[in-house]
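Asks: Quick one, my_file-v8.txt (compact mmCIF, C-alpha atoms):
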# COMPACT_ATOMS: atom_id res chain seq x y z
CA MET A 1 122.72 100.28 120.83
CA THR A 2 122.80 102.81 118.06
CA LEU A 3 119.75 103.17 115.85
CA GLY A 4 120.08 103.38 112.08
CA HIS A 5 119.07 106.82 110.90
CA THR A 6 116.15 107.30 108.54
CA PRO A 7 117.41 107.62 104.94
CA SER A 8 116.84 110.68 102.79
CA GLN A 9 114.49 110.79 99.81
CA THR A 10 114.02 113.52 97.25
CA VAL A 11 111.87 116.56 98.01
CA GLY A 12 110.20 115.87 94.63
CA PRO A 13 108.54 118.36 92.27
CA TYR A 14 105.58 119.28 94.47
CA TYR A 15 107.30 120.32 97.69
CA ALA A 16 105.86 123.83 97.43
CA ILE A 17 102.40 122.72 98.59
CA GLY A 18 103.93 121.72 101.90
CA LEU A 19 107.02 123.83 102.34
CA CYS A 20 106.26 127.13 100.62
CA ARG A 21 102.79 127.93 101.92
CA ARG A 22 104.08 131.14 103.41
CA THR A 23 106.79 133.57 102.47
CA ASP A 24 109.87 132.64 104.42
CA ASN A 25 112.63 134.29 102.43
CA GLU A 26 113.29 137.32 104.64
CA LEU A 27 115.98 136.64 107.23
CA VAL A 28 115.73 140.31 108.10
CA ALA A 29 113.08 142.90 107.22
CA PRO A 30 113.80 144.59 103.88
CA ASP A 31 114.05 147.97 105.65
CA ALA A 32 116.36 146.68 108.43
CA PRO A 33 119.81 148.28 108.64
CA GLY A 34 122.24 146.34 106.45
CA ALA A 35 119.50 144.41 104.61
CA LEU A 36 120.73 143.02 101.28
CA GLU A 37 119.12 141.03 98.53
CA LEU A 38 120.81 137.65 98.01
CA THR A 39 119.75 136.14 94.71
CA GLY A 40 120.97 133.70 92.12
CA ARG A 41 120.09 130.75 89.96
CA LEU A 42 120.18 127.03 90.58
CA LEU A 43 121.69 125.36 87.51
CA ASP A 44 121.98 121.71 86.51
CA GLY A 45 124.89 119.93 84.83
CA GLN A 46 123.78 121.10 81.40
CA GLY A 47 123.60 124.73 82.51
CA GLU A 48 119.80 124.60 82.51
CA PRO A 49 117.89 126.34 85.28
CA VAL A 50 116.40 124.08 87.93
CA VAL A 51 112.89 125.48 88.21
CA ASP A 52 111.66 123.08 90.90
CA GLY A 53 114.39 123.41 93.49
CA MET A 54 114.37 124.91 96.94
CA ILE A 55 117.07 126.76 98.86
CA GLU A 56 117.31 127.18 102.63
CA VAL A 57 119.81 129.56 104.21
CA TRP A 58 120.89 129.74 107.83
CA ASP A 59 122.78 132.44 109.67
CA ALA A 60 123.93 130.39 112.62
CA VAL A 61 125.42 133.35 114.46
CA GLY A 62 122.36 135.57 114.19
CA GLY A 63 119.86 132.70 114.44
CA ARG A 64 118.15 133.73 111.20
CA TRP A 65 116.69 131.22 108.78
CA GLY A 66 114.95 131.45 105.42
CA ARG A 67 113.60 129.38 102.56
CA SER A 68 112.97 130.18 98.89
CA GLY A 69 111.71 128.10 96.00
CA THR A 70 113.45 128.43 92.64
CA HIS A 71 111.16 130.00 90.10
CA PRO A 72 111.17 130.33 86.31
CA GLU A 73 114.81 130.81 85.28
CA GLY A 74 115.85 128.86 88.38
CA GLN A 75 115.90 132.05 90.42
CA TYR A 76 115.77 132.18 94.19
CA SER A 77 115.94 135.27 96.40
CA PHE A 78 116.39 136.20 100.04
CA VAL A 79 116.69 139.32 102.11
CA VAL A 80 119.71 138.83 104.35
CA ALA A 81 122.11 140.81 106.48
CA LYS A 82 125.77 139.95 106.69
CA PRO A 83 126.23 137.79 109.78
CA GLU A 84 128.61 138.70 112.55
CA ALA A 85 132.04 137.16 112.04
CA GLU A 86 132.98 134.48 114.52
CA ASP A 87 136.50 134.50 115.85
CA GLY A 88 138.95 133.79 113.04
CA ARG A 89 136.26 132.95 110.50
CA ALA A 90 134.80 134.97 107.68
CA PRO A 91 131.09 135.82 107.85
CA ARG A 92 128.99 133.35 105.92
CA LEU A 93 125.58 131.80 105.45
CA ASP A 94 125.03 128.04 105.42
CA VAL A 95 122.96 126.84 102.48
CA PHE A 96 121.00 123.68 101.74
CA VAL A 97 119.91 122.84 98.20
CA PHE A 98 116.87 120.63 97.59
CA ALA A 99 115.34 119.57 94.25
CA ARG A 100 113.57 116.91 92.31
CA GLY A 101 116.40 114.64 91.19
CA LEU A 102 118.40 115.32 94.34
CA LEU A 103 117.96 112.28 96.54
CA ARG A 104 119.63 114.09 99.41
CA HIS A 105 119.91 117.82 100.01
CA GLN A 106 123.35 119.31 99.47
CA LEU A 107 125.29 121.63 101.76
CA THR A 108 127.18 124.70 100.60
CA ARG A 109 128.08 128.17 101.92
CA VAL A 110 127.87 131.79 100.79
CA TYR A 111 130.72 134.12 101.70
CA PHE A 112 130.69 137.89 101.18
CA PRO A 113 132.67 139.71 98.46
CA ASP A 114 133.47 142.76 100.62
CA GLU A 115 135.47 140.64 103.09
CA PRO A 116 138.63 139.77 101.12
CA GLU A 117 140.92 139.66 104.17
CA ALA A 118 138.58 137.60 106.33
CA ASN A 119 137.89 135.28 103.39
CA ALA A 120 141.62 134.77 102.76
CA ALA A 121 142.10 133.77 106.40
CA ASP A 122 138.98 131.64 106.72
CA PRO A 123 139.85 128.06 107.73
CA VAL A 124 137.41 126.54 105.24
CA LEU A 125 137.91 128.84 102.24
CA SER A 126 141.68 128.88 102.62
CA VAL A 127 142.07 125.12 102.16
CA LEU A 128 140.18 125.13 98.85
CA GLY A 129 141.72 125.66 95.44
CA GLU A 130 141.16 129.04 93.76
CA ARG A 131 138.39 127.79 91.45
CA GLU A 132 136.56 126.08 94.29
CA ARG A 133 136.93 129.08 96.58
CA GLN A 134 135.42 131.39 93.95
CA THR A 135 132.28 129.26 93.77
CA LEU A 136 131.52 130.11 97.41
CA VAL A 137 131.93 133.90 97.28
CA ALA A 138 128.90 135.89 96.15
CA ARG A 139 129.37 138.63 93.56
CA GLN A 140 128.26 142.18 94.09
CA GLN A 141 125.72 143.26 91.49
CA GLY A 142 124.46 146.75 92.23
CA ALA A 143 122.85 146.61 95.64
CA SER A 144 122.39 142.84 95.47
CA LEU A 145 124.57 139.83 96.08
CA LEU A 146 124.58 137.29 93.29
CA PHE A 147 125.24 133.65 94.09
CA ASP A 148 124.58 131.03 91.42
CA ILE A 149 124.60 127.39 92.51
CA THR A 150 125.77 124.89 89.88
CA MET A 151 125.30 121.20 90.56
CA GLN A 152 127.85 119.71 88.17
CA GLY A 153 130.69 120.28 85.73
CA ASP A 154 133.68 122.60 85.44
CA SER A 155 131.92 125.41 87.26
CA ALA A 156 130.30 123.22 89.91
CA THR A 157 129.73 124.82 93.30
CA VAL A 158 131.61 123.23 96.20
CA PHE A 159 129.35 121.00 98.28
CA PHE A 160 130.30 119.75 101.73
CA ALA A 161 129.87 116.30 103.25
CA HIS A 162 127.25 116.29 105.99
CA MET B 163 110.62 98.73 75.25
CA THR B 164 114.11 100.24 75.27
CA ASP B 165 116.48 100.18 78.20
CA VAL B 166 115.78 103.78 78.93
CA ASP B 167 112.08 103.02 79.23
CA SER B 168 112.56 100.21 81.73
CA PRO B 169 112.79 100.65 85.44
CA ILE B 170 116.40 100.25 86.49
CA VAL B 171 116.57 98.69 89.93
CA LEU B 172 120.11 98.02 91.08
CA PRO B 173 120.81 95.02 93.31
CA ASP B 174 120.72 95.46 97.06
CA ASP B 175 124.00 96.63 98.57
CA PRO B 176 124.17 96.66 102.39
CA SER B 177 127.46 98.57 102.31
CA PHE B 178 125.47 101.75 101.71
CA GLY B 179 123.88 101.53 105.15
CA PRO B 180 121.40 104.37 105.67
CA GLU B 181 122.91 106.51 102.92
CA VAL B 182 121.04 107.10 99.71
CA GLN B 183 122.90 106.70 96.41
CA VAL B 184 122.52 110.24 95.09
CA ASP B 185 123.46 109.35 91.50
CA TYR B 186 121.13 106.36 91.34
CA PRO B 187 120.82 105.76 87.57
CA GLY B 188 117.28 104.39 87.72
CA TYR B 189 115.99 107.79 88.83
CA ARG B 190 116.68 109.72 85.66
CA SER B 191 116.46 113.23 87.06
CA THR B 192 119.62 112.57 89.07
CA ARG B 193 121.64 112.54 85.83
CA TRP B 194 122.21 116.29 85.66
CA ARG B 195 121.44 117.21 89.24
CA ALA B 196 123.43 114.95 91.59
CA PRO B 197 126.81 116.54 92.41
CA ASP B 198 129.55 115.02 90.23
CA HIS B 199 132.53 116.26 92.24
CA PRO B 200 133.59 114.65 95.53
CA LEU B 201 132.05 116.34 98.56
CA VAL B 202 134.49 118.40 100.61
CA THR B 203 134.87 117.39 104.24
CA LEU B 204 134.74 120.32 106.63
CA PRO B 205 137.12 120.47 109.58
CA GLU B 206 135.55 118.66 112.53
CA ASP B 207 135.01 121.71 114.71
CA LEU B 208 133.60 123.98 112.03
CA HIS B 209 130.85 122.07 110.39
CA ASP B 210 127.80 121.85 112.53
CA PRO B 211 126.16 124.84 114.17
CA ALA B 212 122.90 124.53 116.07
CA GLY B 213 119.96 124.68 113.69
CA PRO B 214 116.90 126.92 113.52
CA VAL B 215 114.29 126.59 116.25
CA PHE B 216 110.64 127.06 115.37
CA GLY B 217 108.24 127.93 118.16
CA GLU B 218 104.53 127.39 118.72
CA ARG B 219 103.78 130.44 116.60
CA THR B 220 104.87 128.50 113.52
CA VAL B 221 102.04 126.03 113.86
CA GLY B 222 98.31 126.73 113.60
CA GLU B 223 95.58 124.94 115.53
CA HIS B 224 94.51 122.68 112.63
CA ASP B 225 97.86 122.27 110.91
CA HIS B 226 98.28 118.68 112.14
CA ASP B 227 94.83 117.62 110.90
CA LEU B 228 94.67 117.60 107.10
CA THR B 229 91.01 116.52 107.19
CA VAL B 230 89.58 119.65 108.84
CA GLN B 231 91.25 122.43 106.88
CA HIS B 232 88.31 122.98 104.52
CA GLU B 233 84.55 123.26 104.54
CA GLY B 234 83.96 119.53 104.18
CA GLU B 235 85.92 116.37 104.79
CA PRO B 236 88.24 115.00 102.11
CA LEU B 237 87.42 111.78 100.29
CA GLY B 238 89.55 108.73 101.00
CA GLU B 239 90.58 106.43 103.78
CA ARG B 240 91.07 108.46 106.97
CA ILE B 241 94.33 107.59 108.76
CA VAL B 242 96.36 108.63 111.78
CA VAL B 243 100.11 108.78 111.18
CA THR B 244 102.24 109.14 114.29
CA GLY B 245 105.67 108.29 115.61
CA ARG B 246 108.62 109.60 117.53
CA LEU B 247 111.51 111.73 116.40
CA LEU B 248 114.68 110.26 117.88
CA ASP B 249 118.42 110.63 117.67
CA VAL B 250 120.58 107.58 116.95
CA ASP B 251 120.95 107.00 120.70
CA GLY B 252 117.18 106.67 120.99
CA ARG B 253 116.66 110.00 122.75
CA PRO B 254 113.43 111.85 121.86
CA LEU B 255 113.85 115.17 120.08
CA GLN B 256 111.37 117.69 121.43
CA GLY B 257 109.89 120.80 119.87
CA ALA B 258 111.11 119.92 116.38
CA LEU B 259 109.21 121.18 113.34
CA VAL B 260 107.78 118.36 111.20
CA GLU B 261 106.20 119.33 107.87
CA VAL B 262 104.31 116.93 105.58
CA TRP B 263 102.79 117.07 102.11
CA GLN B 264 101.12 114.46 99.98
CA ALA B 265 98.83 113.54 97.08
CA ASN B 266 95.12 113.15 97.74
CA ALA B 267 93.38 109.78 97.87
CA ALA B 268 93.15 109.72 94.07
CA GLY B 269 96.90 110.25 93.66
CA ARG B 270 96.82 113.93 92.69
CA TYR B 271 98.78 116.78 94.26
CA ARG B 272 97.26 120.21 94.51
CA HIS B 273 100.11 121.68 92.49
CA GLU B 274 99.87 123.35 89.07
CA VAL B 275 102.55 121.10 87.56
CA ASP B 276 100.72 117.89 88.48
CA GLN B 277 98.62 117.00 85.43
CA HIS B 278 97.75 113.42 86.37
CA PRO B 279 94.15 112.96 85.20
CA ALA B 280 92.81 112.12 88.63
CA PRO B 281 90.41 114.45 90.44
CA LEU B 282 91.46 117.19 92.81
CA ASP B 283 89.57 117.22 96.08
CA PRO B 284 88.27 120.67 97.07
CA ASN B 285 88.50 119.55 100.70
CA PHE B 286 92.11 118.46 100.64
CA ALA B 287 95.23 120.62 100.27
CA GLY B 288 97.60 117.86 101.37
CA ALA B 289 99.86 119.85 103.68
CA GLY B 290 100.42 119.78 107.42
CA ARG B 291 102.88 120.66 110.14
CA CYS B 292 103.38 120.16 113.84
CA LEU B 293 105.98 120.35 116.59
CA THR B 294 107.10 117.18 118.34
CA ASP B 295 105.91 116.93 121.96
CA ASP B 296 107.93 116.25 125.13
CA ASP B 297 108.17 112.59 124.15
CA GLY B 298 109.42 113.48 120.66
CA ARG B 299 106.10 112.47 119.20
CA TYR B 300 104.40 113.92 116.11
CA ARG B 301 100.85 113.08 115.05
CA PHE B 302 98.95 113.82 111.86
CA ILE B 303 95.40 113.01 110.79
CA THR B 304 95.03 112.71 107.03
CA VAL B 305 93.78 110.44 104.26
CA LYS B 306 95.85 107.70 102.68
CA PRO B 307 97.52 109.10 99.55
CA GLY B 308 96.96 107.33 96.24
CA SER B 309 99.68 105.98 93.98
CA TYR B 310 100.30 108.01 90.85
CA PRO B 311 102.13 107.67 87.54
CA TRP B 312 105.26 109.62 86.67
CA GLY B 313 107.41 109.96 83.58
CA ASN B 314 110.60 108.30 84.75
CA HIS B 315 110.22 105.16 82.64
CA GLU B 316 107.54 103.19 80.85
CA ASN B 317 104.50 102.59 83.08
CA ALA B 318 106.21 104.12 86.12
CA TRP B 319 104.11 104.52 89.28
CA ARG B 320 105.16 105.79 92.68
CA PRO B 321 104.30 103.72 95.74
CA ALA B 322 101.93 105.64 98.02
CA HIS B 323 103.93 107.97 100.24
CA ILE B 324 103.83 111.03 102.46
CA HIS B 325 106.69 113.54 102.19
CA PHE B 326 108.29 114.53 105.50
CA SER B 327 110.57 117.46 106.29
CA VAL B 328 112.23 117.58 109.73
CA PHE B 329 114.58 120.00 111.50
CA GLY B 330 116.89 118.54 114.14
CA PRO B 331 118.79 120.24 116.95
CA SER B 332 121.90 120.75 114.83
CA PHE B 333 121.85 122.31 111.39
CA THR B 334 123.07 119.24 109.50
CA GLN B 335 120.56 116.91 111.15
CA ARG B 336 118.04 118.29 108.66
CA LEU B 337 116.11 115.50 106.94
CA VAL B 338 113.71 115.42 104.01
CA THR B 339 112.33 112.00 103.20
CA GLN B 340 109.25 109.99 102.28
CA MET B 341 107.20 107.60 104.40
CA TYR B 342 105.71 104.55 102.68
CA PHE B 343 102.93 102.13 103.62
CA PRO B 344 103.49 98.45 104.40
CA GLY B 345 103.07 95.87 101.66
CA ASP B 346 102.94 98.26 98.71
CA PRO B 347 103.14 96.22 95.47
CA LEU B 348 105.02 99.06 93.76
CA PHE B 349 108.11 98.88 95.99
CA GLU B 350 110.00 96.52 93.73
CA PHE B 351 109.65 98.81 90.70
CA ASP B 352 110.42 102.16 92.31
CA PRO B 353 113.92 103.57 91.75
CA ILE B 354 113.49 106.34 94.33
CA PHE B 355 112.76 103.76 97.04
CA HIS B 356 115.64 101.58 95.80
CA SER B 357 118.10 104.49 95.81
CA VAL B 358 118.48 103.39 99.42
CA ARG B 359 120.38 100.27 98.48
CA ASP B 360 120.62 98.60 101.87
CA PRO B 361 117.35 96.68 102.34
CA LYS B 362 117.53 97.13 106.11
CA ALA B 363 117.81 100.88 105.71
CA ARG B 364 115.04 100.88 103.10
CA ALA B 365 112.75 99.19 105.61
CA LEU B 366 113.17 102.26 107.85
CA LEU B 367 111.13 104.22 105.30
CA ILE B 368 108.06 101.99 105.71
CA SER B 369 105.45 102.71 108.36
CA ARG B 370 103.87 99.97 110.43
CA PHE B 371 100.14 99.37 110.63
CA ASP B 372 99.20 99.58 114.30
CA LEU B 373 95.91 98.40 115.70
CA ALA B 374 96.54 100.27 118.96
CA THR B 375 96.80 103.55 117.01
CA THR B 376 93.75 102.64 114.96
CA THR B 377 90.71 104.46 116.33
CA PRO B 378 87.54 102.31 116.39
CA GLN B 379 84.86 103.41 113.94
CA TRP B 380 87.04 106.25 112.73
CA ALA B 381 90.58 105.83 111.31
CA LEU B 382 93.35 103.30 110.65
CA GLY B 383 96.61 103.97 112.47
CA TYR B 384 100.19 103.88 111.24
CA GLN B 385 103.35 104.25 113.33
CA TRP B 386 106.59 105.53 111.90
CA ASP B 387 109.59 106.65 113.96
CA ILE B 388 112.09 109.03 112.41
CA VAL B 389 115.73 108.77 113.46
CA LEU B 390 118.04 111.70 112.71
CA GLY B 391 121.74 111.08 112.11
CA ARG B 392 124.39 112.70 114.28
CA GLY B 393 124.94 115.54 111.86
CA GLY B 394 128.37 116.88 111.14
CA ALA B 395 130.79 116.01 108.42
CA GLY B 396 129.70 112.37 108.21
CA THR B 397 131.24 109.85 105.88
CA THR B 398 129.49 108.22 103.00
CA PRO B 399 129.95 104.48 102.48
CA PHE B 400 131.68 105.39 99.24
CA GLU B 401 134.43 107.13 101.16
CA GLU B 402 134.69 104.29 103.66
CA ASP B 403 134.99 101.76 100.86
CA HIS B 404 137.98 103.58 99.47
CA VAL B 405 139.92 104.26 102.63
Would you mind writing the file out in structure tokens?
Replies:
Amino acid sequence: MTLGHTPSQTVGPYYAIGLCRRTDNELVAPDAPGALELTGRLLDGQGEPVVDGMIEVWDAVGGRWGRSGTHPEGQYSFVVAKPEAEDGRAPRLDVFVFARGLLRHQLTRVYFPDEPEANAADPVLSVLGERERQTLVARQQGASLLFDITMQGDSATVFFAH
Amino acid sequence: MTDVDSPIVLPDDPSFGPEVQVDYPGYRSTRWRAPDHPLVTLPEDLHDPAGPVFGERTVGEHDHDLTVQHEGEPLGERIVVTGRLLDVDGRPLQGALVEVWQANAAGRYRHEVDQHPAPLDPNFAGAGRCLTDDDGRYRFITVKPGSYPWGNHENAWRPAHIHFSVFGPSFTQRLVTQMYFPGDPLFEFDPIFHSVRDPKARALLISRFDLATTTPQWALGYQWDIVLGRGGAGTTPFEEDHV
């Protein structure tokens, strides 16, 4: 017999007392070779910053995980390194978005802007339309990577079923 | 009272199964935050890497006991909350990180945004964590959280609950949810609880009072098993309905 799985409920506005007691946003040390800042804003369907959200990122190839709350202006930030590319796939980070008002966390991905050939051949990116694909590729801004996550509307980020 | 000030509780709908309705209209904050585009289904072989593993170093000696983290004991009804972390085939999931957070016995979170005029307790931070044991079991000692008001609609109060965050073996088995207490009179008015529209699935969010877990002269016991889905691309009932 198969058991019914436990349903999701929102992380709520006060998750930080339980989930952000320590700093967990460095997947690699800031002085590690190849360390990059990954930052961006979490935006709602009216373009307003979500100031009580939480982002988790996972580099499945490198086994590196991190978590960041969104702060005033909806800003999150991580220190990451570009993951190794798996065979035939572009390097990427898996991303979960949590927030008050989100009854279940949402799954998206960050791809890297300096990998145009790998991105064009990636089996996930390549089946998306141009607009959708662009929502998953971070932008280079100085030494940082910028990746805004938009929940709704014409510029909504692509979210994946999970 | 206008419509917008009333609790909106949609009728039960078993077709949702264990899935939550992410755009549940009664929970107003979903309006601009729930995704409004269809979710994209990833190819079957590309969607579900193994997830992060957290070792013993993640967890401190007193992290599972929310009543001993300060100089004195917190006020409130001391409780033991325990259960097993399982997959849908009933297999225990070992070494999984379980994190909890909650309001104190008066219904107040130790968080700067919480302005409910109920007292903070200097002896209660309301946060814990542990790893599941070889039998998949977690165990926390805490105090029963109070109910508290929120601004969702007129005279809105949340049923007492403890927030749970769980990591499963695969990345997409991640679960964040809330555990409730049996017989709460606020269930019928709470849109977050009712966003799980299948009453059978909703019941999976409610712990069970257990006399065997109750420790004589010391603490009431509650049992609550957590079952993680298979992970992967999944299908929502919405998609199934429209096939």
Asks: Find the residues around Asp346 in chain B up to 10 Å (all atoms listed in the file counted), leave out those fewer than 3 positions away in its own chain, and share them as a list in words.
Replies: Ser309, Arg320, Pro321, Ala322, His323, Tyr342, Phe343, Phe349, Glu350 and Ile368 of chain B
Asks: For the residues in that selection, give me C-alpha atoms as a tab-separated table (two decimals), in the coordinates of the input.
Replies:
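Written file, selection29.tsv:
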chain	number	residue	atom	x	y	z
B	309	SER	CA	99.68	105.98	93.98
B	320	ARG	CA	105.16	105.79	92.68
B	321	PRO	CA	104.30	103.72	95.74
B	322	ALA	CA	101.93	105.64	98.02
B	323	HIS	CA	103.93	107.97	100.24
B	342	TYR	CA	105.71	104.55	102.68
B	343	PHE	CA	102.93	102.13	103.62
B	349	PHE	CA	108.11	98.88	95.99
B	350	GLU	CA	110.00	96.52	93.73
B	368	ILE	CA	108.06	101.99	105.71
Asks: Could you give me, as a PyMOL selection string, the residues within 12 Å of Phe351 in chain B, counting all atoms listed in the file and dropping anything in the same chain fewer than 4 positions from it?
Replies: chain B and resi 168-172+188-189+314-321+346-347+355-357
Asks: Write out, as CSV, each residue of chain A that has an atom at most 6 Å from chain B, together with the closest pair of atoms and their distance in Å to one decimal, counting all atoms listed in the file, rows going by chain and rising number.
Replies:
residue,atom,partner,partner_atom,distance
A:Thr2,CA,B:Asp251,CA,5.3
A:Leu3,CA,B:Val250,CA,4.6
A:His5,CA,B:Val389,CA,4.6
A:Thr6,CA,B:Val389,CA,5.2
A:Pro7,CA,B:Pro180,CA,5.2
A:Ser8,CA,B:Thr339,CA,4.7
A:Gln9,CA,B:Thr339,CA,4.2
A:Gly18,CA,B:Trp263,CA,4.8
A:Asp44,CA,B:Arg195,CA,5.3
A:Gly45,CA,B:Trp194,CA,4.6
A:Gly101,CA,B:Ser191,CA,4.4
A:Leu102,CA,B:Ala196,CA,5.7
A:Leu103,CA,B:Val184,CA,5.2
A:Met151,CA,B:Pro197,CA,5.2
A:Gln152,CA,B:Pro197,CA,5.4
A:Phe159,CA,B:Leu201,CA,5.4
A:Phe160,CA,B:Val202,CA,4.5
A:Ala161,CA,B:Leu201,CA,5.2
A:His162,CA,B:Ala395,CA,4.3
Asks: Under the rule that only C-alpha atoms are counted, which of A:Val80, A:Ile55, A:Ala90, A:Ala60 is the nearest residue to Leu107 in chain A?
Replies: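 Of A:Val80, A:Ile55, A:Ala90, A:Ala60, the one nearest Leu107 in chain A is A:Ile55, counting only C-alpha atoms.
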Asks: Within 7 Å of range 122-136 of chain A, counting all atoms listed in the file, which residues qualify if same-chain residues fewer than 5 places away don't, as a PyMOL selection string?
Replies: (chain A and resi 88-90+109-111+157-158) or (chain B and resi 204)
Asks: Could you check how far CA of Ser369 in chain B sits from CA of Gly257 in chain B, in Å to one decimal?
Replies: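 Spanning CA of Ser369 in chain B to CA of Gly257 in chain B is a straight-line distance of 21.9 Å.
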Asks: Quick one: pull the distance between CA of Gln256 in chain B and CA of Arg299 in chain B, Å, one decimal.
Replies: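 Here the two named atoms are 7.7 Å from each other.
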Asks: Tell me which of A:Ser68, A:Glu73, A:Asp114, A:Glu26 sits closest to Gly47 in chain A, counting all atoms listed in the file.
Replies: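 Smallest distance to Gly47 in chain A is found for A:Glu73.
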Asks: I need the residue nearest His226 in chain B from this list: B:Tyr300, B:Asn266, B:Arg240, B:Asn285. Use all atoms listed in the file for the distance.
Replies: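 Residue with the minimum atom-to-atom distance to His226 in chain B: B:Tyr300.
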Asks: Need the shell around range 27-41 of chain A: protein/DNA/RNA residues with any atom at most 8 Å away, counting all atoms listed in the file. Skip same-chain ones fewer than 5 positions apart. Format as a list in words?
Replies: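 Once the adjacent positions are removed, what remains is Pro49, Val50, Arg64, Trp65, Gly66, Thr70, Glu73, Gly74, Gln75, Tyr76, Ser77, Phe78, Val79, Val80, Ala81, Lys82, Ala143, Ser144, Leu145, Leu146, Phe147, Asp148 and Ile149 of chain A.
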Asks: Please write the residues from the selection above to a file, keeping C-alpha atoms, as an mmCIF file, keeping the file's coordinate frame.
Replies:
data_model
loop_
_atom_site.group_PDB
_atom_site.id
_atom_site.type_symbol
_atom_site.label_atom_id
_atom_site.label_comp_id
_atom_site.auth_asym_id
_atom_site.auth_seq_id
_atom_site.Cartn_x
_atom_site.Cartn_y
_atom_site.Cartn_z
ATOM 1 C CA PRO A 49 117.890 126.340 85.280
ATOM 2 C CA VAL A 50 116.400 124.080 87.930
ATOM 3 C CA ARG A 64 118.150 133.730 111.200
ATOM 4 C CA TRP A 65 116.690 131.220 108.780
ATOM 5 C CA GLY A 66 114.950 131.450 105.420
ATOM 6 C CA THR A 70 113.450 128.430 92.640
ATOM 7 C CA GLU A 73 114.810 130.810 85.280
ATOM 8 C CA GLY A 74 115.850 128.860 88.380
ATOM 9 C CA GLN A 75 115.900 132.050 90.420
ATOM 10 C CA TYR A 76 115.770 132.180 94.190
ATOM 11 C CA SER A 77 115.940 135.270 96.400
ATOM 12 C CA PHE A 78 116.390 136.200 100.040
ATOM 13 C CA VAL A 79 116.690 139.320 102.110
ATOM 14 C CA VAL A 80 119.710 138.830 104.350
ATOM 15 C CA ALA A 81 122.110 140.810 106.480
ATOM 16 C CA LYS A 82 125.770 139.950 106.690
ATOM 17 C CA ALA A 143 122.850 146.610 95.640
ATOM 18 C CA SER A 144 122.390 142.840 95.470
ATOM 19 C CA LEU A 145 124.570 139.830 96.080
ATOM 20 C CA LEU A 146 124.580 137.290 93.290
ATOM 21 C CA PHE A 147 125.240 133.650 94.090
ATOM 22 C CA ASP A 148 124.580 131.030 91.420
ATOM 23 C CA ILE A 149 124.600 127.390 92.510
#
Asks: Measure the distance from CA of Gln141 in chain A to CA of Leu19 in chain A in Å and round it to one decimal.
Replies: 29.1 Å
Asks: Identify the residues within 6 Å of coordinate (101.9, 113.4, 109.4) (same frame as the file), considering all atoms listed in the file, and give the answer as a list in words.
Replies: Val243, Val262, Arg301 and Phe302 of chain B
